[in-house]
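Visitor: Data file coords29.csv (CSV, C-alpha atoms) is appended below.
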```
chain,number,residue,atom,x,y,z
A,1228,MET,CA,43.8,-12.1,88.3
A,1229,SER,CA,42.0,-11.9,91.6
A,1230,GLY,CA,42.2,-14.9,93.9
A,1231,ASN,CA,38.7,-14.2,95.0
A,1232,ASP,CA,36.5,-17.1,93.7
A,1233,HIS,CA,33.6,-14.6,93.2
A,1234,PHE,CA,35.6,-12.9,90.5
A,1235,ALA,CA,37.6,-15.9,89.2
A,1236,THR,CA,37.3,-16.9,85.6
A,1237,GLN,CA,35.0,-19.9,85.2
A,1238,PHE,CA,36.5,-22.4,82.7
A,1239,LEU,CA,34.7,-25.3,81.1
A,1240,ALA,CA,37.4,-27.4,79.4
A,1241,LEU,CA,36.6,-30.3,77.0
A,1242,HIS,CA,39.2,-32.8,76.1
A,1243,GLY,CA,39.9,-34.7,72.8
A,1244,PHE,CA,39.1,-38.2,71.7
A,1245,THR,CA,40.7,-40.9,74.0
A,1246,GLY,CA,41.6,-38.2,76.5
A,1247,GLU,CA,40.1,-37.1,79.8
A,1248,GLY,CA,39.8,-34.0,81.9
A,1249,ALA,CA,43.2,-34.6,83.5
A,1250,ASP,CA,44.8,-33.6,80.1
A,1251,PHE,CA,44.3,-30.0,81.2
A,1252,SER,CA,46.2,-30.3,84.4
A,1253,ALA,CA,49.2,-28.2,83.1
A,1254,LEU,CA,47.0,-25.4,81.9
A,1255,SER,CA,44.8,-25.3,85.0
A,1256,SER,CA,47.8,-25.2,87.3
A,1257,SER,CA,49.2,-22.2,85.3
A,1258,ILE,CA,46.1,-20.2,84.8
A,1259,SER,CA,44.1,-19.0,87.8
A,1260,GLY,CA,40.4,-19.5,87.8
A,1261,LYS,CA,37.7,-22.1,88.6
A,1262,TRP,CA,38.3,-25.0,86.3
A,1263,HIS,CA,35.7,-27.6,85.4
A,1264,CYS,CA,37.4,-30.3,83.3
A,1265,PRO,CA,34.9,-33.1,83.0
A,1266,ASP,CA,35.4,-36.5,81.4
A,1267,LEU,CA,33.2,-36.6,78.3
A,1268,PRO,CA,30.9,-39.6,77.6
A,1269,GLY,CA,32.8,-42.7,76.6
A,1270,HIS,CA,36.0,-41.6,78.3
A,1271,GLY,CA,37.6,-41.9,81.7
A,1272,SER,CA,35.2,-41.9,84.6
A,1273,ARG,CA,32.3,-41.9,82.1
A,1274,LYS,CA,33.6,-44.7,79.9
A,1275,HIS,CA,30.4,-46.6,80.5
A,1276,ALA,CA,28.0,-43.7,79.8
A,1277,HIS,CA,24.6,-44.6,78.5
A,1278,PRO,CA,24.1,-44.1,74.8
A,1279,ASP,CA,21.5,-41.3,75.5
A,1280,GLU,CA,24.2,-39.3,77.3
A,1281,PHE,CA,26.1,-38.6,74.0
A,1282,SER,CA,23.4,-36.4,72.5
A,1283,LEU,CA,23.9,-32.6,72.4
A,1284,PRO,CA,20.8,-31.9,74.6
A,1285,SER,CA,22.2,-34.3,77.2
A,1286,LEU,CA,25.6,-32.6,77.0
A,1287,GLU,CA,23.9,-29.3,77.5
A,1288,ASN,CA,22.2,-30.6,80.6
A,1289,THR,CA,25.3,-32.2,82.1
A,1290,LEU,CA,27.9,-29.6,81.1
A,1291,LEU,CA,25.9,-26.3,81.3
A,1292,GLY,CA,23.1,-27.3,83.6
A,1293,SER,CA,21.4,-24.5,85.5
A,1294,ASN,CA,24.6,-22.5,85.8
A,1295,ARG,CA,23.8,-18.9,85.1
A,1296,LYS,CA,27.3,-17.6,85.2
A,1297,THR,CA,29.1,-17.1,81.9
A,1298,ALA,CA,32.1,-19.2,81.4
A,1299,THR,CA,35.2,-19.3,79.2
A,1300,GLY,CA,34.8,-22.4,77.1
A,1301,LEU,CA,38.0,-24.3,76.1
A,1302,GLY,CA,38.0,-27.2,73.8
A,1303,TYR,CA,40.6,-29.4,72.2
A,1304,SER,CA,40.0,-31.3,68.9
A,1305,MET,CA,36.8,-33.3,69.5
A,1306,GLY,CA,36.2,-31.2,72.6
A,1307,GLY,CA,36.4,-28.1,70.5
A,1308,ARG,CA,33.9,-29.5,68.0
A,1309,LEU,CA,31.5,-30.1,70.9
A,1310,LEU,CA,32.2,-26.7,72.4
A,1311,LEU,CA,31.4,-25.0,69.1
A,1312,ASN,CA,28.1,-26.9,68.9
A,1313,LEU,CA,27.2,-25.9,72.5
A,1314,ALA,CA,28.2,-22.3,71.8
A,1315,VAL,CA,25.9,-22.1,68.7
A,1316,ARG,CA,23.0,-23.5,70.8
A,1317,ASN,CA,23.8,-21.5,74.0
A,1318,PRO,CA,25.7,-18.3,73.0
A,1319,HIS,CA,24.8,-16.4,76.2
A,1320,PHE,CA,26.5,-19.1,78.3
A,1321,PHE,CA,30.0,-18.3,77.1
A,1322,ALA,CA,32.0,-15.1,77.7
A,1323,ARG,CA,34.9,-16.4,75.5
A,1324,LEU,CA,35.9,-19.5,73.5
A,1325,ILE,CA,39.4,-21.0,73.2
A,1326,LEU,CA,39.6,-23.6,70.4
A,1327,ILE,CA,42.7,-25.7,70.3
A,1328,SER,CA,43.4,-27.7,67.1
A,1329,CYS,CA,39.7,-27.7,66.3
A,1330,SER,CA,37.6,-28.0,63.2
A,1331,PRO,CA,34.0,-26.8,62.7
A,1332,GLY,CA,33.3,-30.0,60.7
A,1333,LEU,CA,33.4,-31.1,57.1
A,1334,THR,CA,31.6,-29.0,54.5
A,1335,SER,CA,30.4,-31.6,52.0
A,1336,ALA,CA,28.3,-34.7,52.3
A,1337,GLU,CA,31.0,-36.7,50.5
A,1338,GLU,CA,33.7,-35.6,53.0
A,1339,ARG,CA,31.5,-36.6,55.9
A,1340,ARG,CA,30.8,-40.0,54.2
A,1341,GLN,CA,34.5,-40.6,53.7
A,1342,ARG,CA,35.3,-39.6,57.3
A,1343,ARG,CA,32.6,-42.0,58.6
A,1344,ILE,CA,34.2,-44.8,56.5
A,1345,SER,CA,37.6,-44.0,58.1
A,1346,ASP,CA,36.0,-44.0,61.6
A,1347,GLU,CA,34.4,-47.4,60.9
A,1348,LYS,CA,37.9,-48.8,60.4
A,1349,TRP,CA,38.9,-47.5,63.8
A,1350,ILE,CA,35.7,-48.9,65.3
A,1351,HIS,CA,36.5,-52.3,63.7
A,1352,THR,CA,40.0,-52.1,65.3
A,1353,LEU,CA,38.4,-51.3,68.7
A,1354,GLU,CA,36.0,-54.2,68.4
A,1355,ASN,CA,38.4,-56.8,67.2
A,1356,THR,CA,41.8,-56.0,68.9
A,1357,SER,CA,43.0,-55.0,72.3
A,1358,LEU,CA,42.7,-51.5,73.6
A,1359,ASN,CA,46.5,-51.3,73.8
A,1360,LYS,CA,46.8,-52.2,70.1
A,1361,PHE,CA,44.2,-49.6,69.2
A,1362,LEU,CA,45.9,-46.8,71.2
A,1363,ALA,CA,49.3,-47.7,69.7
A,1364,ALA,CA,47.9,-47.4,66.2
A,1365,TRP,CA,46.1,-44.2,67.1
A,1366,TRP,CA,49.3,-42.6,68.3
A,1367,GLU,CA,51.1,-43.7,65.2
A,1368,GLN,CA,49.0,-41.3,63.0
A,1369,PRO,CA,51.1,-38.5,61.5
A,1370,ILE,CA,48.9,-35.9,63.3
A,1371,MET,CA,49.9,-37.3,66.7
A,1372,ARG,CA,53.7,-37.4,66.1
A,1373,GLY,CA,54.3,-34.4,68.3
A,1374,MET,CA,53.4,-36.4,71.3
A,1375,LYS,CA,56.5,-38.5,70.7
A,1376,ASN,CA,58.6,-35.5,71.6
A,1377,LEU,CA,57.4,-35.5,75.1
A,1378,PRO,CA,59.7,-36.8,77.9
A,1379,GLN,CA,59.2,-40.6,78.3
A,1380,HIS,CA,57.7,-40.3,81.8
A,1381,GLU,CA,55.0,-37.9,80.4
A,1382,ARG,CA,54.2,-40.2,77.5
A,1383,ASP,CA,53.9,-43.1,79.9
A,1384,GLU,CA,51.6,-41.2,82.2
A,1385,ILE,CA,49.3,-40.1,79.4
A,1386,PHE,CA,49.3,-43.5,77.8
A,1387,ALA,CA,48.4,-45.1,81.2
A,1388,ARG,CA,45.4,-42.7,81.5
A,1389,ARG,CA,44.3,-43.7,78.0
A,1390,ARG,CA,44.3,-47.4,79.0
A,1391,ASN,CA,41.6,-46.5,81.5
A,1392,ASN,CA,39.2,-46.1,78.7
A,1393,SER,CA,36.9,-48.9,77.4
A,1394,PRO,CA,36.6,-50.0,73.7
A,1395,ASP,CA,32.8,-49.7,73.9
A,1396,GLY,CA,33.0,-46.1,75.2
A,1397,LEU,CA,35.4,-45.0,72.5
A,1398,VAL,CA,33.2,-46.7,69.8
A,1399,ARG,CA,30.2,-44.7,71.0
A,1400,SER,CA,32.2,-41.6,71.0
A,1401,LEU,CA,33.2,-42.0,67.4
A,1402,GLN,CA,29.7,-42.9,66.4
A,1403,ASN,CA,28.2,-39.8,68.1
A,1404,HIS,CA,30.9,-37.2,68.1
A,1405,GLY,CA,33.1,-38.0,65.1
A,1406,THR,CA,33.8,-35.3,62.5
A,1407,GLY,CA,31.7,-37.2,60.0
A,1408,VAL,CA,28.7,-37.3,62.3
A,1409,LEU,CA,28.4,-33.9,63.9
A,1410,PRO,CA,27.0,-31.2,61.7
A,1411,SER,CA,29.2,-28.8,59.8
A,1412,LEU,CA,29.3,-25.3,61.5
A,1413,TRP,CA,31.3,-23.5,58.8
A,1414,GLU,CA,28.3,-21.5,57.7
A,1415,GLN,CA,27.4,-20.5,61.3
A,1416,LEU,CA,30.8,-19.2,62.2
A,1417,PRO,CA,30.1,-15.6,60.9
A,1418,GLU,CA,27.1,-15.5,63.3
A,1419,ILE,CA,29.2,-16.3,66.4
A,1420,GLN,CA,29.8,-13.0,68.3
A,1421,ILE,CA,31.7,-14.6,71.2
A,1422,PRO,CA,35.4,-13.5,71.4
A,1423,THR,CA,37.4,-16.5,70.3
A,1424,LEU,CA,41.0,-17.5,70.5
A,1425,ILE,CA,42.1,-20.1,68.0
A,1426,ILE,CA,45.2,-22.0,68.9
A,1427,VAL,CA,47.2,-24.4,66.8
A,1428,GLY,CA,50.6,-26.0,66.9
A,1429,ALA,CA,53.4,-24.7,64.6
A,1430,GLU,CA,54.0,-28.3,63.4
A,1431,ASP,CA,50.4,-29.1,62.7
A,1432,GLN,CA,50.0,-28.0,59.1
A,1433,LYS,CA,46.5,-29.3,58.6
A,1434,PHE,CA,45.0,-27.5,61.6
A,1435,ARG,CA,47.1,-24.4,60.9
A,1436,GLU,CA,45.2,-24.1,57.6
A,1437,ILE,CA,41.8,-24.9,59.2
A,1438,GLY,CA,42.5,-22.5,62.1
A,1439,ALA,CA,43.4,-19.7,59.6
A,1440,SER,CA,40.2,-20.3,57.7
A,1441,MET,CA,38.1,-20.2,60.9
A,1442,ALA,CA,39.7,-17.0,61.9
A,1443,GLU,CA,38.6,-15.4,58.6
A,1444,LYS,CA,35.0,-16.3,59.3
A,1445,LEU,CA,34.7,-15.7,63.0
A,1446,PRO,CA,34.1,-12.0,63.5
A,1447,ARG,CA,35.7,-11.6,66.9
A,1448,SER,CA,38.7,-14.0,66.7
A,1449,ASN,CA,42.4,-14.1,67.3
A,1450,PHE,CA,44.6,-16.7,65.7
A,1451,CYS,CA,47.9,-17.8,67.3
A,1452,ILE,CA,50.5,-20.5,66.5
A,1453,ILE,CA,52.3,-22.2,69.4
A,1454,PRO,CA,55.9,-23.0,68.6
A,1455,ASN,CA,57.5,-26.4,69.3
A,1456,SER,CA,54.2,-28.2,69.2
A,1457,GLY,CA,52.0,-30.2,67.0
A,1458,HIS,CA,48.3,-31.2,67.3
A,1459,ALA,CA,48.2,-31.0,71.2
A,1460,PRO,CA,50.0,-27.7,72.1
A,1461,HIS,CA,48.3,-27.6,75.5
A,1462,ILE,CA,50.2,-30.9,76.3
A,1463,GLU,CA,53.3,-30.5,74.1
A,1464,ASN,CA,54.0,-26.8,75.0
A,1465,PRO,CA,51.7,-25.9,77.9
A,1466,GLY,CA,53.8,-22.9,79.0
A,1467,ALA,CA,53.5,-21.0,75.7
A,1468,THR,CA,49.8,-22.0,75.4
A,1469,ALA,CA,49.1,-20.7,78.9
A,1470,ASP,CA,50.8,-17.5,78.1
A,1471,ARG,CA,48.6,-16.9,75.1
A,1472,ILE,CA,45.5,-17.7,77.0
A,1473,GLN,CA,46.5,-15.3,79.8
A,1474,SER,CA,47.0,-12.6,77.2
A,1475,LEU,CA,43.4,-13.1,76.0
A,1476,LEU,CA,42.0,-13.1,79.5
A,1477,LEU,CA,43.8,-9.8,80.4
A,1478,SER,CA,42.9,-8.1,77.1
```
Just give me the structure of the file as structure tokens.
Guide:
Amino acid sequence: MSGNDHFATQFLALHGFTGEGADFSALSSSISGKWHCPDLPGHGSRKHAHPDEFSLPSLENTLLGSNRKTATGLGYSMGGRLLLNLAVRNPHFFARLILISCSPGLTSAEERRQRRISDEKWIHTLENTSLNKFLAAWWEQPIMRGMKNLPQHERDEIFARRRNNSPDGLVRSLQNHGTGVLPSLWEQLPEIQIPTLIIVGAEDQKFREIGASMAEKLPRSNFCIIPNSGHAPHIENPGATADRIQSLLLS
């Protein structure tokens, strides 16, 4: 790819719950382009974001703004859900989408209700225990077990960044951006004409199934499985993830 900024790929990368923009450091150092990896409301530098800043119109204003250049949108987990919502509302902003371990939402009202009940338990933990205890419990979920395979110094660095969050900010994030709160976009997937790369980890069976179902509905999609990784392939195996993204950009 050209090193000229005028022709460089513009990336907008949105992190997952408890994360921050720095989670994309390995990808952004491996893939040339102009990367914008903001902290989302309730996280990192925006841990004290005002409640109004969590709405989709507010996110459109802060993340897309008046930028008229098309961008490659990249989103992981919660960030992927938000990216899909932004793309449905602003299809002409995105030249491509890269969705990592992402779900378009839950299809039934009962599923959404059950997920909100589950999130309320996490909210109760955030409000009644220390942030360290919440993070330890969050990382003990089966879906996060791939992170335990990282070298100790990498785990320590990531966990240290997570401790910069605030319980109140994470509570607002769950209340506004949880899977049980955001609308389901399954029915809108066939209408999305943006070229989309769906990435999942080989050891993340749940999101392998979700990703395969998404690929069937998205008319211009590619589906790839990253070896030796679970729910966070961009962190657990960034080299292979970067290679697949590069292939998309050069195609």
Visitor: So how many Å separate atom CA of A:Phe1238 and atom CA of A:Asp1266, to one decimal?
Guide: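 One can read the atom CA of A:Phe1238 to atom CA of A:Asp1266 distance as 14.2 Å.
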Visitor: Quick one: pull the distance between atom CA of A:Ile1370 and atom CA of A:Arg1308, Å, one decimal.
Guide: 17.0 Å
Visitor: Pick the closest to A:Asn1455 from A:Gly1306, A:Pro1318, A:Gly1428, A:Gly1405: which is it, counting only C-alpha atoms?
Guide: A:Gly1428
Visitor: For A:Met1441, which residue out of A:Thr1245, A:Thr1423, A:Asn1376, A:Ser1345 is the nearest one, using all atoms listed in the file?
Guide: A:Thr1423
Visitor: So that I can see what lies close to A:Ile1425, please list as a list in words the residues with an atom at most 8 Å from it, counting all atoms listed in the file and leaving out residues fewer than 2 positions away in the same chain.
Guide: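 Using all atoms listed in the file, the neighbours found are Ile1325, Leu1326, Ile1327, Ser1328, Thr1423, Val1427, Gly1438, Ala1442, Ser1448, Asn1449, Phe1450 and Cys1451 of chain A.
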Visitor: Between atom CA of A:Ile1421 and atom CA of A:Gly1260, what distance in Å does the model show, to one decimal?
Guide: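 Going from atom CA of A:Ile1421 over to atom CA of A:Gly1260 covers 19.4 Å.
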Visitor: Give me the residues near A:Ala1240 as a PyMOL selection string, where near means some atom within 6 Å (using all atoms listed in the file) and where sequence neighbours in that chain fewer than 2 positions away do not count.
Guide: chain A and resi 1264+1301-1302
Visitor: My list of candidates is A:Pro1331, A:Gly1248, A:Pro1394, A:Gly1269. Which is closest to A:Leu1412 when distances are computed with all atoms listed in the file?
Guide: A:Pro1331
Visitor: Which of these residues is nearest to A:Gly1271, using all atoms listed in the file: A:Leu1311, A:Ser1393, A:Phe1361, A:Ser1285?
Guide: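 Smallest separation from A:Gly1271 among the options: A:Ser1393.
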Visitor: Quick one: residues within 12 Å of (23.1, -19.8, 70.1) (file frame), counting only C-alpha atoms, please, as a PyMOL selection string.
Guide: chain A and resi 1310-1321+1412+1415-1416+1418-1421
Visitor: Any idea what's packed within 12 Å of A:Gly1246, counting all atoms listed in the file, ignoring anything in its chain fewer than 5 positions away? Could you give it as a ChimeraX atom specification?
Guide: /A:1240-1241,1251,1264-1274,1302-1306,1362,1384-1393,1396-1397,1400,1459,1462
Visitor: Which of these, A:Ser1440, A:Gln1473, A:Asn1288, A:Ser1456, has the shortest distance to A:Arg1372 once you count all atoms listed in the file?
Guide: A:Ser1456
Visitor: Closest to A:His1404 among A:Pro1465, A:Gly1300, A:Gly1292, A:Gly1307, using only C-alpha atoms?
Guide: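 The shortest atom-to-atom distance to A:His1404 comes from A:Gly1307.
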